[in-house]
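**Student:** Enclosed is the structure file protein.pdb (PDB, C-alpha atoms).
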ATOM      1  CA  ALA A  74      23.921  20.688 173.782
ATOM      2  CA  GLY A  75      23.989  20.995 177.563
ATOM      3  CA  GLU A  76      25.465  23.686 179.746
ATOM      4  CA  PRO A  77      28.592  25.511 178.521
ATOM      5  CA  LEU A  78      31.741  23.838 179.790
ATOM      6  CA  ARG A  79      33.998  26.042 181.892
ATOM      7  CA  LEU A  80      37.090  25.154 183.885
ATOM      8  CA  ALA A  81      36.805  27.192 187.037
ATOM      9  CA  CYS A  82      40.439  26.960 188.119
ATOM     10  CA  THR A  83      43.609  25.448 186.775
ATOM     11  CA  GLY A  84      44.227  23.034 189.629
ATOM     12  CA  GLU A  85      40.860  21.313 189.846
ATOM     13  CA  ALA A  86      39.982  17.862 188.620
ATOM     14  CA  ALA A  87      37.480  19.378 186.185
ATOM     15  CA  HIS A  88      40.148  19.228 183.465
ATOM     16  CA  ASN A  89      38.525  15.904 182.701
ATOM     17  CA  THR A  90      38.200  15.036 179.049
ATOM     18  CA  ALA A  91      35.219  12.812 179.857
ATOM     19  CA  MET A  92      33.189  16.022 179.952
ATOM     20  CA  LEU A  93      34.019  16.649 176.286
ATOM     21  CA  ASP A  94      32.077  13.768 174.737
ATOM     22  CA  PHE A  95      31.097  13.981 171.086
ATOM     23  CA  ILE A  96      27.529  14.055 169.792
ATOM     24  CA  SER A  97      26.808  11.521 167.023
ATOM     25  CA  ASP A  98      29.458  11.017 164.378
ATOM     26  CA  SER A  99      29.719  14.577 163.114
ATOM     27  CA  GLY A 100      32.461  15.754 165.443
ATOM     28  CA  ARG A 101      30.466  18.036 167.710
ATOM     29  CA  ILE A 102      31.471  18.409 171.363
ATOM     30  CA  ALA A 103      28.476  17.736 173.574
ATOM     31  CA  ARG A 104      29.361  20.205 176.291
ATOM     32  CA  ALA A 105      30.555  23.029 174.049
ATOM     33  CA  ARG A 106      28.209  25.930 173.450
ATOM     34  CA  TRP A 107      26.950  25.403 169.917
ATOM     35  CA  VAL A 108      26.816  28.524 167.735
ATOM     36  CA  PRO A 109      26.449  27.299 164.138
ATOM     37  CA  SER A 110      28.324  29.240 161.483
ATOM     38  CA  PRO A 111      27.254  29.225 157.847
ATOM     39  CA  ASN A 112      30.895  29.651 156.831
ATOM     40  CA  CYS A 113      31.807  26.032 156.243
ATOM     41  CA  ASP A 114      31.501  23.297 153.659
ATOM     42  CA  GLU A 115      32.360  19.659 153.104
ATOM     43  CA  ARG A 116      35.919  18.385 153.237
ATOM     44  CA  PRO A 117      37.231  16.680 150.095
ATOM     45  CA  ALA A 118      36.095  13.073 149.796
ATOM     46  CA  THR A 119      38.025  10.576 151.962
ATOM     47  CA  THR A 120      39.827  13.450 153.737
ATOM     48  CA  ASN A 121      39.981  13.388 157.522
ATOM     49  CA  PRO A 122      41.515  15.938 159.897
ATOM     50  CA  SER A 123      45.230  15.392 160.438
ATOM     51  CA  MET A 124      46.380  18.807 161.694
ATOM     52  CA  LEU A 125      45.386  21.231 164.435
ATOM     53  CA  VAL A 126      45.827  24.941 163.745
ATOM     54  CA  LEU A 127      45.914  27.408 166.636
ATOM     55  CA  HIS A 128      44.855  31.020 166.178
ATOM     56  CA  CYS A 129      44.153  34.040 168.321
ATOM     57  CA  ILE A 130      41.463  36.646 167.856
ATOM     58  CA  SER A 131      40.001  39.692 169.600
ATOM     59  CA  LEU A 132      37.516  42.161 168.183
ATOM     60  CA  PRO A 133      38.290  44.961 168.103
ATOM     61  CA  PRO A 134      41.958  44.107 168.768
ATOM     62  CA  GLY A 135      42.741  43.962 172.467
ATOM     63  CA  ARG A 136      39.115  44.022 173.612
ATOM     64  CA  PHE A 137      37.709  40.893 175.211
ATOM     65  CA  GLY A 138      34.348  39.632 176.323
ATOM     66  CA  GLY A 139      31.972  41.021 173.714
ATOM     67  CA  GLY A 140      29.977  39.099 171.160
ATOM     68  CA  GLU A 141      31.909  40.375 168.165
ATOM     69  CA  ILE A 142      33.826  37.163 167.469
ATOM     70  CA  GLU A 143      30.670  35.107 167.341
ATOM     71  CA  ALA A 144      29.014  37.781 165.234
ATOM     72  CA  LEU A 145      31.913  37.712 162.759
ATOM     73  CA  PHE A 146      31.829  33.940 162.407
ATOM     74  CA  CYS A 147      28.061  34.007 161.902
ATOM     75  CA  ASN A 148      28.027  36.936 159.427
ATOM     76  CA  ARG A 149      26.230  39.174 161.902
ATOM     77  CA  LEU A 150      28.979  41.675 162.746
ATOM     78  CA  ASP A 151      27.860  45.303 162.595
ATOM     79  CA  CYS A 152      30.783  46.804 160.724
ATOM     80  CA  ARG A 153      29.578  50.305 161.627
ATOM     81  CA  ALA A 154      30.209  49.668 165.321
ATOM     82  CA  HIS A 155      33.986  50.279 165.250
ATOM     83  CA  PRO A 156      36.419  51.723 162.664
ATOM     84  CA  TYR A 157      38.487  48.510 162.697
ATOM     85  CA  PHE A 158      35.507  46.571 161.414
ATOM     86  CA  ASP A 159      35.574  48.389 158.077
ATOM     87  CA  GLN A 160      38.136  45.895 156.782
ATOM     88  CA  LEU A 161      35.936  42.963 157.811
ATOM     89  CA  GLN A 162      32.984  43.803 155.594
ATOM     90  CA  ASP A 163      31.928  40.848 153.452
ATOM     91  CA  LEU A 164      34.534  38.617 155.142
ATOM     92  CA  LYS A 165      33.334  35.015 155.456
ATOM     93  CA  VAL A 166      35.381  33.158 158.047
ATOM     94  CA  SER A 167      34.915  30.684 160.882
ATOM     95  CA  SER A 168      36.757  28.250 163.081
ATOM     96  CA  HIS A 169      35.709  24.965 164.591
ATOM     97  CA  PHE A 170      36.272  26.184 168.145
ATOM     98  CA  LEU A 171      36.795  29.292 170.231
ATOM     99  CA  ILE A 172      38.161  29.256 173.779
ATOM    100  CA  ASP A 173      37.308  32.523 175.467
ATOM    101  CA  ARG A 174      39.151  34.297 178.287
ATOM    102  CA  GLU A 175      37.118  32.451 180.928
ATOM    103  CA  GLY A 176      37.814  29.037 179.432
ATOM    104  CA  GLU A 177      34.423  28.549 177.821
ATOM    105  CA  LEU A 178      34.475  26.303 174.769
ATOM    106  CA  VAL A 179      32.334  27.442 171.839
ATOM    107  CA  GLN A 180      31.901  25.369 168.691
ATOM    108  CA  PHE A 181      30.887  26.864 165.347
ATOM    109  CA  VAL A 182      31.446  24.040 162.851
ATOM    110  CA  ASP A 183      31.212  20.260 163.112
ATOM    111  CA  CYS A 184      34.712  18.813 162.950
ATOM    112  CA  ASP A 185      33.721  16.563 160.064
ATOM    113  CA  GLN A 186      33.165  19.716 158.037
ATOM    114  CA  ARG A 187      35.683  22.229 156.742
ATOM    115  CA  ALA A 188      35.753  25.533 158.621
ATOM    116  CA  TRP A 189      37.149  28.591 156.871
ATOM    117  CA  HIS A 190      39.967  29.531 159.238
ATOM    118  CA  ALA A 191      43.308  28.988 157.508
ATOM    119  CA  GLY A 192      42.873  31.010 154.329
ATOM    120  CA  ARG A 193      45.675  30.855 151.785
ATOM    121  CA  SER A 194      47.982  28.314 153.383
ATOM    122  CA  SER A 195      50.369  25.408 152.987
ATOM    123  CA  TYR A 196      52.330  23.118 155.257
ATOM    124  CA  CYS A 197      54.992  20.540 154.370
ATOM    125  CA  GLY A 198      54.037  20.707 150.718
ATOM    126  CA  ARG A 199      50.299  20.481 151.266
ATOM    127  CA  ALA A 200      48.239  23.492 150.206
ATOM    128  CA  ASN A 201      44.750  24.457 151.367
ATOM    129  CA  CYS A 202      45.191  23.489 155.004
ATOM    130  CA  ASN A 203      41.483  23.955 155.667
ATOM    131  CA  ASP A 204      40.978  20.610 153.922
ATOM    132  CA  VAL A 205      42.815  18.630 156.594
ATOM    133  CA  SER A 206      42.753  20.782 159.715
ATOM    134  CA  ILE A 207      40.694  21.671 162.740
ATOM    135  CA  GLY A 208      40.921  25.342 163.675
ATOM    136  CA  ILE A 209      40.961  26.465 167.306
ATOM    137  CA  GLU A 210      40.783  30.154 168.164
ATOM    138  CA  LEU A 211      41.892  31.507 171.534
ATOM    139  CA  GLU A 212      40.486  34.865 172.526
ATOM    140  CA  GLY A 213      43.572  36.989 172.983
ATOM    141  CA  THR A 214      46.312  38.956 171.304
ATOM    142  CA  GLU A 215      49.686  37.946 169.969
ATOM    143  CA  THR A 216      51.591  39.893 172.625
ATOM    144  CA  GLY A 217      49.350  39.580 175.695
ATOM    145  CA  ARG A 218      49.314  36.702 178.169
ATOM    146  CA  TYR A 219      46.775  33.966 177.565
ATOM    147  CA  GLU A 220      44.774  32.750 180.553
ATOM    148  CA  GLU A 221      45.598  29.507 182.345
ATOM    149  CA  VAL A 222      41.992  28.337 181.936
ATOM    150  CA  GLN A 223      42.425  28.684 178.177
ATOM    151  CA  TYR A 224      45.475  26.423 178.195
ATOM    152  CA  ALA A 225      43.626  23.979 180.440
ATOM    153  CA  MET A 226      40.667  23.798 178.094
ATOM    154  CA  LEU A 227      42.933  23.464 175.059
ATOM    155  CA  ALA A 228      44.859  20.620 176.692
ATOM    156  CA  ALA A 229      41.571  18.899 177.545
ATOM    157  CA  LEU A 230      40.160  19.312 174.047
ATOM    158  CA  ILE A 231      43.114  18.088 172.002
ATOM    159  CA  PRO A 232      43.221  14.484 173.332
ATOM    160  CA  VAL A 233      39.492  14.087 172.705
ATOM    161  CA  LEU A 234      39.912  15.262 169.120
ATOM    162  CA  ARG A 235      42.763  12.810 168.692
ATOM    163  CA  VAL A 236      40.600   9.925 169.846
ATOM    164  CA  ARG A 237      37.816  10.881 167.462
ATOM    165  CA  TYR A 238      40.236  11.469 164.564
ATOM    166  CA  PRO A 239      43.230   9.105 164.900
ATOM    167  CA  ALA A 240      45.254  10.907 162.206
ATOM    168  CA  LEU A 241      45.490  13.881 164.576
ATOM    169  CA  ALA A 242      47.425  11.758 167.076
ATOM    170  CA  GLN A 243      50.417  11.645 164.740
ATOM    171  CA  GLY A 244      49.766  14.974 163.055
ATOM    172  CA  PRO A 245      51.177  18.354 164.015
ATOM    173  CA  ILE A 246      49.783  21.162 166.104
ATOM    174  CA  VAL A 247      50.797  24.333 164.320
ATOM    175  CA  ALA A 248      50.347  28.069 164.570
ATOM    176  CA  HIS A 249      48.448  29.981 161.938
ATOM    177  CA  SER A 250      51.768  31.688 161.269
ATOM    178  CA  ASP A 251      53.328  28.308 160.413
ATOM    179  CA  ILE A 252      50.903  27.641 157.585
ATOM    180  CA  ALA A 253      50.659  31.237 156.321
ATOM    181  CA  PRO A 254      54.113  32.735 156.980
ATOM    182  CA  GLY A 255      54.445  36.374 156.061
ATOM    183  CA  ARG A 256      50.674  36.740 155.998
ATOM    184  CA  LYS A 257      49.706  35.696 159.529
ATOM    185  CA  THR A 258      51.544  35.952 162.862
ATOM    186  CA  ASP A 259      49.095  34.429 165.352
ATOM    187  CA  PRO A 260      48.912  33.143 168.017
ATOM    188  CA  GLY A 261      52.154  35.069 168.425
ATOM    189  CA  PRO A 262      55.085  35.112 170.845
ATOM    190  CA  ALA A 263      52.821  35.288 173.879
ATOM    191  CA  PHE A 264      51.568  31.752 173.309
ATOM    192  CA  ASP A 265      53.251  29.245 175.631
ATOM    193  CA  TRP A 266      54.088  26.339 173.348
ATOM    194  CA  THR A 267      56.363  24.790 175.965
ATOM    195  CA  GLY A 268      53.551  24.807 178.508
ATOM    196  CA  LEU A 269      51.105  23.268 176.028
ATOM    197  CA  HIS A 270      53.649  20.583 175.161
ATOM    198  CA  ARG A 271      54.085  19.812 178.852
ATOM    199  CA  ARG A 272      50.344  19.573 179.486
ATOM    200  CA  LEU A 273      49.839  17.261 176.525
ATOM    201  CA  ARG A 274      52.840  15.125 177.395
ATOM    202  CA  ASP A 275      51.471  14.686 180.901
ATOM    203  CA  ARG A 276      48.111  13.629 179.456
ATOM    204  CA  HIS A 277      49.360  11.482 176.588
ATOM    205  CA  PRO A 278      52.936  10.420 175.802
ATOM    206  CA  ILE A 279      52.543  10.620 172.007
ATOM    207  CA  ALA A 280      51.643  14.298 172.019
ATOM    208  CA  GLN A 281      53.314  16.129 169.148
ATOM    209  CA  VAL A 282      53.525  19.898 169.123
ATOM    210  CA  GLU A 283      55.234  21.745 166.292
ATOM    211  CA  GLY A 284      54.540  25.434 166.665
ATOM    212  CA  SER A 285      57.632  25.928 168.817
ATOM    213  CA  PRO A 286      60.340  23.672 170.223
ATOM    214  CA  PRO A 287      59.423  21.966 173.539
TER     215      PRO A 287
END
Please express the file's structure as structure tokens.

**Tutor:**
Amino acid sequence: AGEPLRLACTGEAAHNTAMLDFISDSGRIARARWVPSPNCDERPATTNPSMLVLHCISLPPGRFGGGEIEALFCNRLDCRAHPYFDQLQDLKVSSHFLIDREGELVQFVDCDQRAWHAGRSSYCGRANCNDVSIGIELEGTETGRYEEVQYAMLAALIPVLRVRYPALAQGPIVAHSDIAPGRKTDPGPAFDWTGLHRRLRDRHPIAQVEGSPP
């Protein structure tokens, strides 16, 4: 799948979506690091992605840079390694993408498939948001600052997804907390929705962001 794509600094011209080409028709980013997760299945027939769901994750909470997130999504997490992991035993979850603290893009599930990221969820009267969504995890916490390279990668990824899946262009970008209120709170108050809205508006005038007012 090529070398992992990193954005070295926020001001450089490398925020170029041309580097995020898809492979074949399955919805896999060519320059993302491919780490296949078994935690996925087929979307319902004739269903295409129409919603982006943003999450945050760190394992254990507040610790960055280890391989625990990938291990969790691939059912390889050693739950004896930390007391927090006790609650994660037998958990089968995934997301389509992870953007780590250095801006690296990792893909676990083809976008044509259904990743298991939303859980029990509903939005605007539609239940089971996994059916119609693409899940994007940012390595971070709900109260700590996200890195500029993470926002840059996110703003580069979203327009490419919208080209590949036209329904996303008119669909919402929501927080996990929007589709599972009372159960989930990520990506939390630290996430800069206004900044994301600005980046997407600068890239594409039809950008629609719903997790927070612009």

**Student:** Within 10 Å of Asp114 of chain A, counting all atoms listed in the file, which residues qualify if same-chain residues fewer than 6 places away don't, as a list in words?

**Tutor:**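 What passes the distance filter is Val182, Asp183, Asp185, Gln186, Arg187, Ala188, Trp189 and Asp204 of chain A.
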
**Student:** Work out how far atom CA of Cys129 of chain A is from atom CA of His155 of chain A, in Å to one decimal.

**Tutor:**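 Atom CA of His155 of chain A sits 19.4 Å away from atom CA of Cys129 of chain A.
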
**Student:** In Å to one decimal, how far is atom CA of Glu221 of chain A from atom CA of Glu143 of chain A?

**Tutor:** 21.9 Å

**Student:** For the structure provided, state which residues fall under the PyMOL selection byres ((chain A and resi 217-219) around 10), and present them as a PDB file with C-alpha atoms, keeping the file's coordinate frame.

**Tutor:**
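So the final result, stored in part14.pdb, reads:
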ATOM      1  CA  CYS A 129      44.153  34.040 168.321  1.00  0.00           C
ATOM      2  CA  GLY A 135      42.741  43.962 172.467  1.00  0.00           C
ATOM      3  CA  ASP A 173      37.308  32.523 175.467  1.00  0.00           C
ATOM      4  CA  ARG A 174      39.151  34.297 178.287  1.00  0.00           C
ATOM      5  CA  LEU A 211      41.892  31.507 171.534  1.00  0.00           C
ATOM      6  CA  GLU A 212      40.486  34.865 172.526  1.00  0.00           C
ATOM      7  CA  GLY A 213      43.572  36.989 172.983  1.00  0.00           C
ATOM      8  CA  THR A 214      46.312  38.956 171.304  1.00  0.00           C
ATOM      9  CA  GLU A 215      49.686  37.946 169.969  1.00  0.00           C
ATOM     10  CA  THR A 216      51.591  39.893 172.625  1.00  0.00           C
ATOM     11  CA  GLU A 220      44.774  32.750 180.553  1.00  0.00           C
ATOM     12  CA  GLU A 221      45.598  29.507 182.345  1.00  0.00           C
ATOM     13  CA  VAL A 222      41.992  28.337 181.936  1.00  0.00           C
ATOM     14  CA  GLN A 223      42.425  28.684 178.177  1.00  0.00           C
ATOM     15  CA  TYR A 224      45.475  26.423 178.195  1.00  0.00           C
ATOM     16  CA  PRO A 260      48.912  33.143 168.017  1.00  0.00           C
ATOM     17  CA  GLY A 261      52.154  35.069 168.425  1.00  0.00           C
ATOM     18  CA  PRO A 262      55.085  35.112 170.845  1.00  0.00           C
ATOM     19  CA  ALA A 263      52.821  35.288 173.879  1.00  0.00           C
ATOM     20  CA  PHE A 264      51.568  31.752 173.309  1.00  0.00           C
ATOM     21  CA  ASP A 265      53.251  29.245 175.631  1.00  0.00           C
TER      22      ASP A 265
END

**Student:** Could you check how far atom CA of His128 of chain A sits from atom CA of Gly208 of chain A, in Å to one decimal?

**Tutor:**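 A separation of 7.3 Å between them.
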
**Student:** Taking the point (46.3, 24.0, 167.0) as given in the file, collect each protein or nucleic acid residue that comes within 8 Å of it, counting all atoms listed in the file, and present the set as number ranges by chain.

**Tutor:** A: 124-128, 207-209, 246-248

**Student:** Report as a PDB file with C-alpha atoms, in the coordinates of the input the full result of the PyMOL selection byres ((chain A and resi 157-161) around 12) when it is applied to this structure.

**Tutor:**
ATOM      1  CA  SER A 131      40.001  39.692 169.600  1.00  0.00           C
ATOM      2  CA  LEU A 132      37.516  42.161 168.183  1.00  0.00           C
ATOM      3  CA  PRO A 133      38.290  44.961 168.103  1.00  0.00           C
ATOM      4  CA  PRO A 134      41.958  44.107 168.768  1.00  0.00           C
ATOM      5  CA  GLY A 135      42.741  43.962 172.467  1.00  0.00           C
ATOM      6  CA  ARG A 136      39.115  44.022 173.612  1.00  0.00           C
ATOM      7  CA  GLU A 141      31.909  40.375 168.165  1.00  0.00           C
ATOM      8  CA  ILE A 142      33.826  37.163 167.469  1.00  0.00           C
ATOM      9  CA  ALA A 144      29.014  37.781 165.234  1.00  0.00           C
ATOM     10  CA  LEU A 145      31.913  37.712 162.759  1.00  0.00           C
ATOM     11  CA  PHE A 146      31.829  33.940 162.407  1.00  0.00           C
ATOM     12  CA  ASN A 148      28.027  36.936 159.427  1.00  0.00           C
ATOM     13  CA  ARG A 149      26.230  39.174 161.902  1.00  0.00           C
ATOM     14  CA  LEU A 150      28.979  41.675 162.746  1.00  0.00           C
ATOM     15  CA  ASP A 151      27.860  45.303 162.595  1.00  0.00           C
ATOM     16  CA  CYS A 152      30.783  46.804 160.724  1.00  0.00           C
ATOM     17  CA  ARG A 153      29.578  50.305 161.627  1.00  0.00           C
ATOM     18  CA  ALA A 154      30.209  49.668 165.321  1.00  0.00           C
ATOM     19  CA  HIS A 155      33.986  50.279 165.250  1.00  0.00           C
ATOM     20  CA  PRO A 156      36.419  51.723 162.664  1.00  0.00           C
ATOM     21  CA  GLN A 162      32.984  43.803 155.594  1.00  0.00           C
ATOM     22  CA  ASP A 163      31.928  40.848 153.452  1.00  0.00           C
ATOM     23  CA  LEU A 164      34.534  38.617 155.142  1.00  0.00           C
ATOM     24  CA  LYS A 165      33.334  35.015 155.456  1.00  0.00           C
ATOM     25  CA  VAL A 166      35.381  33.158 158.047  1.00  0.00           C
TER      26      VAL A 166
END

**Student:** Kindly indicate which residue among A:Cys197, A:Leu93, A:Ala105, A:Cys202 lies nearest to Phe181 of chain A, using all atoms listed in the file for the distances.

**Tutor:**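 Looking only at the distances to Phe181 of chain A, the closest residue turns out to be A:Ala105.
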
**Student:** Once the PyMOL selection byres ((chain A and resi 269) around 10) is applied to the coordinates I shared, what remains selected? I want it as a PyMOL selection string.

**Tutor:** chain A and resi 224-225+227-228+264-268+270-275+280+282+287

**Student:** Could you work out an axis-aligned bounding box for all listed atoms of segment 136-139 of chain A, with 4 Å added on each of the six sides, and give its centre and edge lengths in Å to one decimal, as lines of an AutoDock Vina configuration file?

**Tutor:**
center_x = 35.5
center_y = 41.8
center_z = 175.0
size_x = 15.1
size_y = 12.4
size_z = 10.7

**Student:** Given the block above, output segment 154-250 of chain A with C-alpha atoms as a short mmCIF file (atom, residue, chain, number, x, y, z; two decimals), in the first residue's frame.

**Tutor:**
data_model
loop_
_atom_site.label_atom_id
_atom_site.label_comp_id
_atom_site.auth_asym_id
_atom_site.auth_seq_id
_atom_site.Cartn_x
_atom_site.Cartn_y
_atom_site.Cartn_z
CA ALA A 154 -0.98 -5.52 30.32
CA HIS A 155 -2.92 -2.77 32.15
CA PRO A 156 -5.81 -2.75 34.67
CA TYR A 157 -7.92 -0.56 32.34
CA PHE A 158 -7.88 -3.30 29.73
CA ASP A 159 -9.94 -5.62 31.93
CA GLN A 160 -13.13 -4.00 30.63
CA LEU A 161 -12.04 -4.54 27.02
CA GLN A 162 -11.88 -8.32 27.14
CA ASP A 163 -13.89 -9.92 24.34
CA LEU A 164 -14.70 -6.48 22.88
CA LYS A 165 -14.92 -6.57 19.08
CA VAL A 166 -14.61 -3.08 17.65
CA SER A 167 -12.92 -1.25 14.78
CA SER A 168 -12.99 1.95 12.81
CA HIS A 169 -12.26 2.65 9.18
CA PHE A 170 -9.43 5.05 10.00
CA LEU A 171 -7.13 6.18 12.78
CA ILE A 172 -5.14 9.42 12.69
CA ASP A 173 -2.34 9.22 15.22
CA ARG A 174 -0.61 12.05 17.08
CA GLU A 175 1.98 12.44 14.31
CA GLY A 176 -0.63 12.66 11.57
CA GLU A 177 -0.17 9.16 10.22
CA LEU A 178 -3.27 7.72 8.58
CA VAL A 179 -4.02 4.07 9.35
CA GLN A 180 -6.87 2.17 7.72
CA PHE A 181 -8.44 -0.93 9.26
CA VAL A 182 -11.56 -1.53 7.16
CA ASP A 183 -12.41 -0.88 3.52
CA CYS A 184 -14.91 1.97 3.34
CA ASP A 185 -17.30 -0.16 1.33
CA GLN A 186 -17.59 -2.40 4.38
CA ARG A 187 -19.19 -1.70 7.73
CA ALA A 188 -16.74 -1.08 10.57
CA TRP A 189 -17.91 -1.63 14.14
CA HIS A 190 -17.33 1.82 15.61
CA ALA A 191 -20.67 3.43 16.45
CA GLY A 192 -22.27 0.78 18.64
CA ARG A 193 -25.83 1.40 19.78
CA SER A 194 -26.65 4.60 17.94
CA SER A 195 -29.17 6.71 16.07
CA TYR A 196 -29.19 10.02 14.26
CA CYS A 197 -32.15 11.98 12.86
CA GLY A 198 -34.40 8.97 13.22
CA ARG A 199 -32.00 6.48 11.70
CA ALA A 200 -30.76 3.71 13.98
CA ASN A 201 -27.64 1.57 13.57
CA CYS A 202 -25.36 4.31 12.29
CA ASN A 203 -22.67 1.79 11.41
CA ASP A 204 -24.79 0.92 8.37
CA VAL A 205 -24.34 4.33 6.75
CA SER A 206 -21.21 5.81 8.29
CA ILE A 207 -17.46 5.93 8.01
CA GLY A 208 -15.71 6.03 11.38
CA ILE A 209 -12.57 8.09 11.93
CA GLU A 210 -10.65 7.82 15.19
CA LEU A 211 -8.23 10.51 16.34
CA GLU A 212 -5.64 9.44 18.87
CA GLY A 213 -6.31 11.71 21.80
CA THR A 214 -8.51 12.44 24.78
CA GLU A 215 -11.71 14.39 25.14
CA THR A 216 -10.08 17.14 27.21
CA GLY A 217 -6.57 17.36 25.74
CA ARG A 218 -5.53 19.36 22.69
CA TYR A 219 -5.46 17.53 19.39
CA GLU A 220 -2.42 18.04 17.17
CA GLU A 221 -2.49 20.35 14.16
CA VAL A 222 -1.19 17.54 11.94
CA GLN A 223 -4.24 15.50 12.94
CA TYR A 224 -6.60 18.26 11.83
CA ALA A 225 -4.61 18.65 8.62
CA MET A 226 -4.87 14.97 7.81
CA LEU A 227 -8.57 14.90 8.68
CA ALA A 228 -9.24 17.89 6.42
CA ALA A 229 -7.31 16.20 3.61
CA LEU A 230 -9.13 12.89 4.03
CA ILE A 231 -12.71 14.12 4.15
CA PRO A 232 -12.86 15.66 0.63
CA VAL A 233 -11.43 12.48 -0.88
CA LEU A 234 -14.08 10.39 0.87
CA ARG A 235 -16.73 12.76 -0.42
CA VAL A 236 -15.55 12.32 -3.99
CA ARG A 237 -15.58 8.54 -3.68
CA TYR A 238 -18.97 8.52 -1.92
CA PRO A 239 -21.09 11.44 -3.19
CA ALA A 240 -23.73 11.03 -0.46
CA LEU A 241 -21.09 12.13 2.06
CA ALA A 242 -20.87 15.53 0.36
CA GLN A 243 -24.36 16.42 1.57
CA GLY A 244 -24.28 14.29 4.71
CA PRO A 245 -23.25 15.36 8.19
CA ILE A 246 -19.99 15.08 10.06
CA VAL A 247 -20.94 14.20 13.60
CA ALA A 248 -19.34 13.34 16.91
CA HIS A 249 -19.74 9.92 18.44
CA SER A 250 -21.55 11.76 21.22
#
